[in-house]
$ cat data.txt   # compact mmCIF, C-alpha atoms
# COMPACT_ATOMS: atom_id res chain seq x y z
CA MET A 16 47.64 39.89 -66.62
CA LYS A 17 50.46 38.06 -68.44
CA PHE A 18 51.89 36.98 -65.06
CA LYS A 19 48.48 35.67 -63.95
CA LYS A 20 48.13 33.60 -67.15
CA SER A 21 51.61 32.03 -66.80
CA SER A 22 51.00 31.24 -63.12
CA LEU A 23 47.73 29.54 -63.95
CA THR A 24 49.41 27.56 -66.72
CA ILE A 25 52.15 26.41 -64.35
CA VAL A 26 49.65 25.44 -61.65
CA PHE A 27 47.51 23.57 -64.17
CA GLY A 28 50.57 21.78 -65.57
CA LEU A 29 51.80 20.71 -62.14
CA THR A 30 48.32 19.55 -61.12
CA SER A 31 48.01 17.44 -64.29
CA LEU A 32 51.40 15.89 -63.69
CA PHE A 33 50.49 15.04 -60.10
CA THR A 34 47.13 13.59 -61.12
CA CYS A 35 48.74 11.49 -63.83
CA SER A 36 51.24 10.10 -61.38
CA LEU A 37 48.37 9.05 -59.10
CA VAL A 38 46.39 7.48 -61.95
CA PHE A 39 49.27 5.44 -63.30
CA GLY A 40 50.58 4.50 -59.86
CA ASP A 41 54.06 3.89 -58.67
CA TYR A 42 56.50 2.35 -61.13
CA GLY A 43 59.44 2.63 -58.76
CA THR A 44 61.11 -0.15 -56.81
CA ALA A 45 58.27 -0.25 -54.28
CA HIS A 46 56.30 -2.16 -56.92
CA ILE A 47 58.78 -3.21 -59.62
CA LYS A 48 62.09 -4.99 -59.08
CA ILE A 49 65.14 -3.78 -60.97
CA GLY A 50 66.72 -7.27 -61.05
CA SER A 51 65.36 -9.93 -63.39
CA ILE A 52 65.71 -13.56 -64.28
CA THR A 53 68.88 -13.96 -66.38
CA SER A 54 66.97 -15.53 -69.27
CA GLY A 55 65.16 -12.25 -69.90
CA GLY A 56 61.40 -12.74 -69.88
CA ILE A 57 61.69 -16.37 -70.98
CA ILE A 58 60.44 -18.56 -68.16
CA GLU A 59 60.54 -22.32 -68.58
CA HIS A 60 58.61 -23.72 -65.68
CA TRP A 61 58.55 -27.19 -64.24
CA ASN A 62 55.69 -28.47 -62.07
CA SER A 63 56.73 -30.95 -59.42
CA PRO A 64 54.31 -33.93 -59.24
CA SER A 65 52.86 -32.31 -56.12
CA VAL A 66 51.24 -29.59 -58.28
CA ALA A 67 48.88 -32.10 -59.93
CA GLN A 68 48.60 -34.19 -56.77
CA PHE A 69 47.15 -31.27 -54.80
CA GLY A 70 45.08 -29.96 -57.73
CA TYR A 71 46.96 -26.78 -58.66
CA THR A 72 47.64 -27.50 -62.34
CA GLN A 73 44.86 -25.24 -63.60
CA ALA A 74 46.01 -22.43 -61.31
CA VAL A 75 49.50 -22.69 -62.82
CA ILE A 76 48.12 -22.68 -66.39
CA ASN A 77 45.89 -19.70 -65.59
CA ALA A 78 48.74 -17.67 -64.11
CA SER A 79 51.14 -18.57 -66.91
CA ASP A 80 48.66 -17.83 -69.73
CA ASP A 81 47.36 -14.61 -68.20
CA TRP A 82 50.76 -13.04 -67.59
CA ASP A 83 52.09 -14.29 -70.94
CA ALA A 84 49.26 -12.47 -72.73
CA VAL A 85 50.11 -9.12 -71.13
CA SER A 86 53.51 -8.45 -72.63
CA THR A 87 55.45 -9.62 -75.69
CA GLY A 88 58.53 -9.23 -73.52
CA VAL A 89 57.66 -12.32 -71.48
CA ASP A 90 57.40 -15.87 -72.70
CA LEU A 91 55.76 -18.25 -70.27
CA SER A 92 54.56 -20.74 -72.83
CA SER A 93 56.43 -23.78 -71.56
CA ALA A 94 53.67 -26.30 -72.16
CA GLY A 95 52.13 -26.11 -68.71
CA GLY A 96 55.09 -27.23 -66.67
CA LEU A 97 56.24 -30.04 -68.92
CA THR A 98 59.74 -28.62 -69.33
CA PRO A 99 62.23 -31.13 -67.92
CA GLU A 100 63.26 -30.21 -64.40
CA GLU A 101 66.92 -29.74 -65.34
CA ASN A 102 66.01 -27.20 -68.06
CA ALA A 103 63.54 -25.18 -66.00
CA ASN A 104 64.29 -21.79 -64.50
CA LEU A 105 61.06 -21.77 -62.51
CA LYS A 106 60.16 -24.72 -60.29
CA ILE A 107 56.79 -25.05 -58.62
CA TYR A 108 56.07 -27.14 -55.54
CA VAL A 109 52.97 -27.74 -53.45
CA GLY A 110 53.18 -29.24 -49.97
CA ASN A 111 51.65 -29.39 -46.54
CA ASN A 112 53.00 -27.29 -43.66
CA ASP A 113 56.15 -26.37 -45.55
CA LEU A 114 55.66 -22.66 -44.98
CA PRO A 115 55.31 -20.66 -41.75
CA SER A 116 51.91 -20.37 -40.09
CA GLY A 117 49.62 -18.00 -42.02
CA ALA A 118 51.67 -18.09 -45.24
CA TRP A 119 49.95 -19.63 -48.26
CA GLY A 120 52.63 -19.20 -50.88
CA SER A 121 56.16 -17.93 -51.33
CA THR A 122 58.64 -17.10 -54.07
CA ASP A 123 62.38 -17.26 -53.71
CA TYR A 124 65.32 -16.54 -55.98
CA TRP A 125 68.50 -18.52 -56.66
CA LYS A 126 71.88 -18.32 -58.30
CA TYR A 127 74.33 -21.14 -58.89
CA ASN A 128 77.90 -20.87 -57.69
CA TRP A 129 80.96 -22.32 -59.45
CA LEU A 130 80.35 -25.65 -57.70
CA GLY A 131 76.84 -25.83 -59.12
CA GLN A 132 75.26 -25.26 -55.69
CA ALA A 133 72.08 -23.20 -55.43
CA THR A 134 72.59 -20.01 -53.42
CA GLN A 135 69.54 -18.08 -52.27
CA ILE A 136 69.19 -14.37 -53.04
CA GLY A 137 66.84 -12.19 -51.00
CA ALA A 138 63.85 -10.50 -52.59
CA GLY A 139 65.25 -7.14 -51.53
CA GLU A 140 68.48 -7.77 -53.43
CA VAL A 141 66.52 -8.55 -56.59
CA THR A 142 64.54 -5.35 -56.06
CA SER A 143 67.84 -3.45 -55.84
CA GLY A 144 69.13 -4.91 -59.07
CA THR A 145 70.62 -8.37 -58.52
CA ASP A 146 69.63 -10.78 -61.29
CA TYR A 147 68.86 -14.42 -60.58
CA GLU A 148 69.03 -17.67 -62.55
CA GLU A 149 66.15 -19.58 -61.05
CA ALA A 150 62.99 -18.96 -59.06
CA ARG A 151 60.99 -21.31 -56.89
CA ILE A 152 57.30 -21.05 -56.03
CA ARG A 153 55.98 -22.94 -53.02
CA ILE A 154 52.33 -23.31 -52.14
CA ASP A 155 51.18 -24.63 -48.77
CA HIS A 156 48.04 -26.66 -49.43
CA ASP A 157 47.30 -27.21 -45.76
CA LYS A 158 47.24 -23.47 -45.09
CA THR A 159 45.04 -22.68 -48.12
CA THR A 160 42.61 -25.42 -47.07
CA GLU A 161 42.54 -24.11 -43.50
CA SER A 162 41.70 -20.66 -44.86
CA GLY A 163 38.89 -22.10 -47.00
CA PHE A 164 40.49 -21.13 -50.32
CA SER A 165 38.17 -21.19 -53.34
CA THR A 166 39.35 -21.85 -56.90
CA ASN A 167 39.45 -18.09 -57.49
CA ASN A 168 41.61 -17.60 -54.39
CA ARG A 169 44.01 -20.25 -55.71
CA TYR A 170 44.17 -18.56 -59.11
CA LYS A 171 45.00 -15.27 -57.43
CA LEU A 172 47.62 -16.90 -55.20
CA MET A 173 49.41 -18.55 -58.12
CA GLY A 174 49.14 -15.38 -60.22
CA HIS A 175 50.62 -13.43 -57.33
CA GLU A 176 53.62 -15.74 -57.02
CA PHE A 177 54.19 -15.72 -60.79
CA GLY A 178 54.12 -11.93 -60.54
CA HIS A 179 57.02 -12.05 -58.08
CA VAL A 180 58.96 -14.29 -60.50
CA LEU A 181 58.35 -11.71 -63.23
CA GLY A 182 59.70 -8.94 -61.01
CA LEU A 183 56.71 -7.35 -59.31
CA ASN A 184 56.50 -6.41 -55.60
CA HIS A 185 53.45 -5.99 -53.39
CA PHE A 186 51.00 -3.26 -54.32
CA GLU A 187 50.11 -2.46 -50.73
CA ASP A 188 53.68 -1.16 -50.25
CA ALA A 189 53.66 2.63 -50.14
CA PRO A 190 52.63 4.39 -52.33
CA ALA A 191 49.88 1.78 -52.22
CA HIS A 192 47.39 1.04 -54.96
CA SER A 193 43.77 0.91 -53.90
CA GLY A 194 41.47 -2.03 -54.53
CA ASP A 195 42.25 -5.68 -55.11
CA ASN A 196 45.01 -6.71 -57.44
CA TRP A 197 46.92 -9.90 -58.06
CA MET A 198 49.95 -8.28 -56.48
CA LYS A 199 48.16 -7.37 -53.26
CA SER A 200 48.73 -9.66 -50.25
CA GLY A 201 45.78 -11.52 -48.83
CA GLN A 202 43.00 -13.97 -49.61
CA ILE A 203 41.45 -12.29 -52.65
CA ASN A 204 38.83 -13.45 -55.11
CA LEU A 205 40.50 -12.55 -58.44
CA THR A 206 41.05 -14.96 -61.32
CA ASP A 207 42.95 -12.60 -63.64
CA PRO A 208 45.42 -9.72 -63.30
CA THR A 209 43.88 -6.24 -63.12
CA THR A 210 44.76 -3.28 -65.32
CA THR A 211 47.11 -2.09 -62.56
CA ASP A 212 48.87 -5.47 -62.49
CA LYS A 213 49.22 -5.45 -66.26
CA ASP A 214 50.46 -1.85 -66.43
CA HIS A 215 53.28 -2.70 -64.05
CA LEU A 216 54.30 -5.77 -65.99
CA LYS A 217 54.36 -3.75 -69.21
CA GLN A 218 56.42 -1.09 -67.48
CA LYS A 219 59.08 -3.73 -66.78
CA TRP A 220 58.91 -5.90 -69.88
CA GLY A 221 57.25 -3.72 -72.53
CA SER A 222 53.83 -4.00 -74.17
CA MET B 25 118.69 -10.56 -45.44
CA LYS B 26 116.49 -9.05 -48.11
CA SER B 27 114.64 -12.33 -48.63
CA LYS B 28 114.08 -12.59 -44.87
CA VAL B 29 112.42 -9.17 -44.85
CA ILE B 30 110.23 -10.13 -47.79
CA LEU B 31 109.26 -13.38 -46.10
CA ILE B 32 108.35 -11.67 -42.85
CA SER B 33 106.35 -8.98 -44.69
CA VAL B 34 104.41 -11.52 -46.73
CA SER B 35 103.74 -13.60 -43.61
CA LEU B 36 102.49 -10.52 -41.75
CA LEU B 37 100.27 -9.58 -44.68
CA LEU B 38 98.83 -13.08 -44.89
CA PHE B 39 98.23 -13.09 -41.14
CA CYS B 40 96.35 -9.78 -41.39
CA LEU B 41 94.25 -10.99 -44.29
CA VAL B 42 93.33 -14.24 -42.57
CA THR B 43 92.51 -12.45 -39.32
CA THR B 44 90.33 -9.93 -41.17
CA TYR B 45 88.53 -12.75 -42.97
CA ILE B 46 87.89 -14.64 -39.72
CA ILE B 47 86.57 -11.53 -37.98
CA ALA B 48 84.34 -10.67 -40.94
CA ASP B 49 83.10 -14.26 -41.24
CA ASN B 50 82.07 -14.29 -37.59
CA SER B 51 80.51 -10.87 -37.39
CA TYR B 52 78.96 -9.88 -40.72
CA ILE B 53 75.28 -10.68 -41.18
CA LYS B 54 73.42 -9.61 -44.31
CA GLU B 55 69.66 -9.20 -43.92
CA SER B 56 67.43 -10.53 -46.70
CA HIS B 57 63.76 -11.33 -46.99
CA ILE B 58 61.58 -13.93 -48.69
CA SER B 59 58.35 -12.90 -50.43
CA ALA B 60 55.27 -14.68 -49.10
CA ASP B 61 51.54 -14.17 -49.64
CA HIS B 62 50.08 -14.34 -46.15
CA MET B 63 47.16 -13.38 -43.98
CA ILE B 64 46.80 -9.68 -43.27
CA TYR B 65 44.72 -8.57 -40.26
CA ASN B 66 42.73 -5.40 -39.79
CA ASN B 67 42.51 -5.63 -36.02
CA VAL B 68 43.32 -7.70 -32.91
CA ASP B 69 39.99 -9.55 -32.88
CA GLU B 70 40.67 -11.03 -36.33
CA ILE B 71 44.09 -12.39 -35.39
CA VAL B 72 42.88 -13.71 -32.03
CA LYS B 73 40.16 -15.68 -33.83
CA ASP B 74 42.70 -17.27 -36.18
CA THR B 75 45.28 -18.32 -33.59
CA ASP B 76 45.63 -20.86 -30.79
CA LEU B 77 47.21 -18.56 -28.23
CA ALA B 78 47.69 -14.86 -27.54
CA VAL B 79 50.36 -14.42 -24.87
CA LYS B 80 52.61 -11.86 -23.28
CA VAL B 81 56.15 -13.19 -23.09
CA VAL B 82 59.71 -12.25 -22.30
CA THR B 83 62.28 -13.79 -24.62
CA THR B 84 65.27 -15.76 -23.36
CA GLU B 85 68.78 -16.21 -24.74
CA GLU B 86 67.89 -19.80 -25.71
CA SER B 87 67.56 -19.63 -29.46
CA LYS B 88 68.50 -22.21 -32.07
CA ASN B 89 68.94 -21.80 -35.81
CA VAL B 90 67.46 -24.88 -37.50
CA LEU B 91 68.44 -25.72 -41.09
CA TYR B 92 67.29 -28.60 -43.27
CA GLN B 93 66.90 -29.56 -46.93
CA LYS B 94 63.60 -29.74 -48.79
CA ASP B 95 63.39 -30.76 -52.46
CA GLY B 96 67.13 -30.07 -52.70
CA TYR B 97 66.85 -26.51 -51.37
CA PRO B 98 68.12 -25.24 -47.98
CA GLU B 99 65.31 -24.24 -45.62
CA GLY B 100 65.12 -23.14 -42.02
CA TYR B 101 63.53 -21.50 -39.02
CA THR B 102 64.57 -20.32 -35.56
CA LEU B 103 63.41 -22.01 -32.36
CA THR B 104 63.36 -19.59 -29.41
CA GLN B 105 62.40 -20.23 -25.82
CA VAL B 106 60.14 -17.63 -24.19
CA LYS B 107 58.75 -17.20 -20.68
CA VAL B 108 54.99 -16.80 -20.61
CA LEU B 109 54.00 -13.86 -18.44
CA LYS B 110 50.29 -13.75 -19.24
CA VAL B 111 47.77 -15.65 -21.38
CA TYR B 112 45.30 -13.29 -23.06
CA ASN B 113 43.52 -15.89 -25.14
CA ASP B 114 43.60 -19.68 -25.34
CA ASN B 115 41.72 -21.40 -28.17
CA ILE B 116 43.64 -24.66 -27.94
CA ASN B 117 43.07 -25.96 -24.39
CA ARG B 118 46.57 -27.38 -24.07
CA ASP B 119 48.59 -27.18 -20.89
CA ILE B 120 50.68 -24.08 -21.34
CA ALA B 121 54.07 -24.39 -19.68
CA LYS B 122 55.82 -21.45 -18.05
CA GLU B 123 58.40 -21.63 -20.83
CA ILE B 124 57.43 -22.53 -24.39
CA ASN B 125 59.21 -22.90 -27.72
CA VAL B 126 58.20 -20.45 -30.40
CA ILE B 127 59.08 -20.97 -34.05
CA GLU B 128 60.23 -17.86 -35.85
CA PRO B 129 60.04 -17.49 -39.66
CA THR B 130 63.69 -16.53 -39.97
CA TYR B 131 66.99 -18.39 -40.34
CA LEU B 132 70.72 -17.87 -40.87
CA VAL B 133 72.80 -19.45 -43.63
CA GLU B 134 76.54 -19.37 -44.23
CA ASN B 135 77.70 -17.38 -47.23
CA GLY B 136 80.18 -20.04 -48.29
CA ILE B 137 83.53 -18.59 -49.31
CA THR B 138 82.20 -15.02 -48.95
CA PRO B 139 82.63 -13.91 -45.31
CA GLY B 140 79.66 -13.82 -43.00
CA GLN B 141 76.10 -15.11 -42.96
CA THR B 142 72.78 -14.12 -44.47
CA ARG B 143 69.62 -13.91 -42.41
CA PHE B 144 66.52 -14.77 -44.42
CA SER B 145 63.24 -13.61 -42.89
CA TYR B 146 59.81 -14.00 -44.40
CA GLU B 147 58.31 -10.70 -45.53
CA GLU B 148 58.50 -7.94 -42.85
CA TYR B 149 59.34 -10.33 -40.00
CA THR B 150 62.17 -9.25 -37.66
CA PRO B 151 63.71 -11.70 -35.13
CA LEU B 152 62.81 -11.65 -31.44
CA VAL B 153 65.36 -9.83 -29.31
CA ALA B 154 66.47 -11.61 -26.13
CA GLY B 155 65.30 -10.16 -22.83
CA HIS B 156 62.45 -8.11 -24.27
CA GLU B 157 58.69 -8.29 -23.87
CA TYR B 158 56.26 -9.10 -26.66
CA ILE B 159 52.68 -10.04 -27.30
CA LEU B 160 52.72 -13.06 -29.60
CA PHE B 161 49.92 -14.71 -31.56
CA LEU B 162 50.74 -18.38 -31.88
CA LYS B 163 49.69 -21.56 -33.69
CA TRP B 164 50.71 -24.98 -32.41
CA ASN B 165 52.88 -27.16 -34.67
CA GLU B 166 53.11 -30.81 -33.69
CA GLU B 167 55.95 -31.65 -36.08
CA ARG B 168 58.28 -29.03 -34.63
CA ASN B 169 56.98 -29.32 -31.07
CA GLY B 170 56.45 -25.60 -30.76
CA TYR B 171 54.24 -22.66 -31.60
CA TRP B 172 54.65 -20.78 -34.88
CA ILE B 173 54.48 -17.00 -34.58
CA HIS B 174 51.41 -16.61 -36.76
CA SER B 175 51.43 -14.91 -40.15
CA LEU B 176 54.97 -13.61 -40.03
CA GLU B 177 55.22 -9.97 -38.87
CA GLN B 178 51.48 -9.88 -38.08
CA GLY B 179 51.85 -12.12 -35.03
CA LYS B 180 54.60 -10.26 -33.12
CA VAL B 181 54.20 -7.03 -31.14
CA ASN B 182 57.09 -5.55 -29.17
CA LEU B 183 55.89 -3.87 -25.99
CA ASN B 184 58.56 -1.60 -24.65
CA GLY B 185 59.81 0.03 -27.84
CA SER B 186 63.10 -1.81 -27.57
CA ASP B 187 62.98 -3.81 -30.81
CA LYS B 188 64.43 -1.23 -33.17
CA LYS B 189 64.10 -3.35 -36.30
CA GLU B 190 60.42 -4.02 -35.64
CA ILE B 191 59.78 -0.35 -34.92
CA SER B 192 61.39 0.58 -38.22
CA LYS B 193 59.15 -1.86 -40.14
CA VAL B 194 56.01 -0.67 -38.36
CA ARG B 195 56.84 2.94 -39.15
CA GLU B 196 56.81 2.10 -42.89
CA ASN B 197 53.67 -0.06 -42.83
CA THR B 198 50.31 1.60 -42.04
CA GLN B 199 48.41 -1.70 -41.79
CA LEU B 200 50.92 -3.16 -39.34
CA LYS B 201 50.90 0.03 -37.28
CA GLU B 202 47.10 -0.04 -36.99
CA LEU B 203 47.08 -3.73 -36.08
CA GLN B 204 49.68 -3.22 -33.36
CA GLU B 205 47.79 -0.24 -31.93
CA SER B 206 44.65 -2.37 -31.84
CA VAL B 207 46.55 -5.15 -30.00
CA LYS B 208 48.02 -2.79 -27.41
CA LYS B 209 44.66 -1.10 -26.84
CA LYS B 210 42.96 -4.42 -26.10
CA PHE B 211 45.64 -6.15 -24.06
CA GLN B 212 47.41 -3.37 -22.17
$ encode --input "data.txt" --output "structure tokens"
Amino acid sequence: MKFKKSSLTIVFGLTSLFTCSLVFGDYGTAHIKIGSITSGGIIEHWNSPSVAQFGYTQAVINASDDWDAVSTGVDLSSAGGLTPEENANLKIYVGNNDLPSGAWGSTDYWKYNWLGQATQIGAGEVTSGTDYEEARIRIDHDKTTESGFSTNNRYKLMGHEFGHVLGLNHFEDAPAHSGDNWMKSGQINLTDPTTTDKDHLKQKWGS
Amino acid sequence: MKSKVILISVSLLLFCLVTTYIIADNSYIKESHISADHMIYNNVDEIVKDTDLAVKVVTTEESKNVLYQKDGYPEGYTLTQVKVLKVYNDNINRDIAKEINVIEPTYLVENGITPGQTRFSYEEYTPLVAGHEYILFLKWNEERNGYWIHSLEQGKVNLNGSDKKEISKVRENTQLKELQESVKKKFQ
């Protein structure tokens, strides 16, 4: 009888643990990078003139404000891209046909060597723990137009790229999260980060 | 005598170090990837609809790493010549030559003083391997006078199981696996 009770307790405990892990998702390197921007969560972003020219200013403001509100560990309040270019550690560009076919946006990571030259670091290296000094977001306006992007799609795209800058990976990577999230790849109608997006950001930067 | 020995030893050591550096610089390639939000396809019909060409090709040795600067940052792609074996779908109505240039979303950069090079590929894309057969989904690019492999890893399907890097990526990616199975079912 005593043995039966303890067995049941163990089974119940293990089941709860497993269920909890499913509910709260994967907080490992599949979804969260170990490496970070060297300024901590302080991101001073600069919009190249192309951002306003192609009509992405509101998408930038939306992404910046939404992520900033999630965690006190991040500070994205750099006056909507008015930081001088030389002081910025996030630079945002919009162009036409700058990215490969089918790619709407990209994020890359950079360090500066002793000569002051920008050296690119791969996303995988950042995931494994390499920190970086600067990030760059590129949006391909021609590709988003070709895909018939709505305002909501643009908001999701910019939020997605900002998420990469803040250290998040794709949520369709195994173990995948179900449903649409900012950090899922694809043309998605989502103006704000989901609870899953926010939970991951808090996991990295605190509440 | 003693100083001669020291001199010879130091020279030998320097020679070994330089030789090691040169060998490493010419042979070591680090693989890295670039994050990109891109189109994801559920099946072959979706990707066929979105592309100009669906072709079966065999890759040649003719491949060129193209680097340039954009907004002060180094950028690149790879231009590879392929022989067209079969055209499965043509949405573009261009004359399709027997050999065409395809643009791959991958490029090599020197590591500066650190030996070797780094290969940057967008997302899960792995470079074409010379002499192997693929089904490619392509989009014409006037500026580069070639066809982009569409949507990174989505537009490239190795046919004879010889592209080990691609196989490894497909094994880890359920969506890519299902897309490739759909492609092979329709076109083979």
$ atom_distance --input "data.txt" --atom1 "atom CA of Asn113 of chain B" --atom2 "atom CA of Trp164 of chain B"
13.7 Å
$ residues_around --input "data.txt" --residues "segment 118-131 of chain B" --least-positions-apart "6" --cutoff "7 Å" --atoms "only C-alpha atoms" --output "number ranges by chain"
A: 115; B: 89, 100-108, 143-146, 151, 170-173, 176
$ write_last_selection --input "data.txt" --atoms "C-alpha atoms" --output "CSV table (one decimal), in the coordinates of the input"
chain,number,residue,atom,x,y,z
A,115,PRO,CA,55.3,-20.7,-41.8
B,89,ASN,CA,68.9,-21.8,-35.8
B,100,GLY,CA,65.1,-23.1,-42.0
B,101,TYR,CA,63.5,-21.5,-39.0
B,102,THR,CA,64.6,-20.3,-35.6
B,103,LEU,CA,63.4,-22.0,-32.4
B,104,THR,CA,63.4,-19.6,-29.4
B,105,GLN,CA,62.4,-20.2,-25.8
B,106,VAL,CA,60.1,-17.6,-24.2
B,107,LYS,CA,58.8,-17.2,-20.7
B,108,VAL,CA,55.0,-16.8,-20.6
B,143,ARG,CA,69.6,-13.9,-42.4
B,144,PHE,CA,66.5,-14.8,-44.4
B,145,SER,CA,63.2,-13.6,-42.9
B,146,TYR,CA,59.8,-14.0,-44.4
B,151,PRO,CA,63.7,-11.7,-35.1
B,170,GLY,CA,56.4,-25.6,-30.8
B,171,TYR,CA,54.2,-22.7,-31.6
B,172,TRP,CA,54.6,-20.8,-34.9
B,173,ILE,CA,54.5,-17.0,-34.6
B,176,LEU,CA,55.0,-13.6,-40.0
$ closest_residue --input "data.txt" --among "B:Lys188, B:Lys210, B:His57, B:Lys80" --to "chain A" --atoms "only C-alpha atoms"
B:His57
$ closest_residue --input "data.txt" --among "B:Ile58, B:Ile116, B:Ile71, B:Val207" --to "chain A" --atoms "all atoms listed in the file"
B:Ile58
$ closest_atom_pairs --input "data.txt" --of "chain A" --to "chain B" --cutoff "8 Å" --atoms "all atoms listed in the file" --output "tab-separated table"
residue	atom	partner	partner_atom	distance
A:Pro115	CA	B:Pro129	CA	6.1
A:Ser116	CA	B:His174	CA	5.0
A:Gly117	CA	B:Ser175	CA	4.0
A:Ala118	CA	B:His62	CA	4.2
A:Trp119	CA	B:His62	CA	5.7
A:Gly120	CA	B:Asp61	CA	5.3
A:Ser121	CA	B:Ala60	CA	4.0
A:Thr122	CA	B:Ser59	CA	5.6
A:Asp123	CA	B:Ile58	CA	6.1
A:Ala133	CA	B:Tyr97	CA	7.4
A:Ile136	CA	B:Ser56	CA	7.6
A:Gly137	CA	B:Ser56	CA	4.6
A:Ala138	CA	B:His57	CA	5.7
A:Gly139	CA	B:Ser56	CA	6.3
A:Glu140	CA	B:Ser56	CA	7.3
A:Leu172	CA	B:Asp61	CA	7.3
A:His175	CA	B:Asp61	CA	7.8
A:Glu176	CA	B:Asp61	CA	7.8
A:His179	CA	B:Ser59	CA	7.8
A:Asp188	CA	B:Asn197	CA	7.5
A:Ala189	CA	B:Asn197	CA	7.8
A:Ser200	CA	B:Asp61	CA	5.3
A:Gly201	CA	B:Met63	CA	5.4
A:Gln202	CA	B:Met63	CA	7.0
$ residues_around --input "data.txt" --residues "Asp146 of chain A" --least-positions-apart "3" --cutoff "10 Å" --atoms "all atoms listed in the file" --output "list in words"
Lys48, Ile49, Gly50, Ser51, Ile52, Thr53, Ser54, Gly55, Tyr124, Trp125, Lys126, Ile136, Glu140, Val141, Thr142, Ser143 and Glu149 of chain A
$ residues_around --input "data.txt" --residues "Gly185 of chain B" --least-positions-apart "5" --cutoff "10 Å" --atoms "only C-alpha atoms" --output "ChimeraX atom specification"
/B:156-158,190-191
$ residues_around --input "data.txt" --residues "segment 165-171 of chain A" --least-positions-apart "3" --cutoff "12 Å" --atoms "only C-alpha atoms" --output "NGL selection string"
(:A and (69-82 or 109 or 119-120 or 154-156 or 158-162 or 174-178 or 195-209 or 212)) or (:B and (61))
$ closest_residue --input "data.txt" --among "A:Trp220, A:Tyr127, A:Trp61, A:Phe186" --to "Asn104 of chain A" --atoms "only C-alpha atoms"
A:Trp61
$ atom_distance --input "data.txt" --atom1 "atom CA of Gly182 of chain A" --atom2 "atom CA of Asp90 of chain A"
13.8 Å
$ atom_distance --input "data.txt" --atom1 "atom CA of Thr44 of chain A" --atom2 "atom CA of His185 of chain A"
10.2 Å
$ closest_residue --input "data.txt" --among "B:Asp69, B:Lys189, B:Leu38, B:Val153" --to "Glu86 of chain B" --atoms "all atoms listed in the file"
B:Val153
$ closest_residue --input "data.txt" --among "A:Ala191, A:Glu148, A:Gln68, A:Gln132" --to "Gly56 of chain A" --atoms "all atoms listed in the file"
A:Glu148
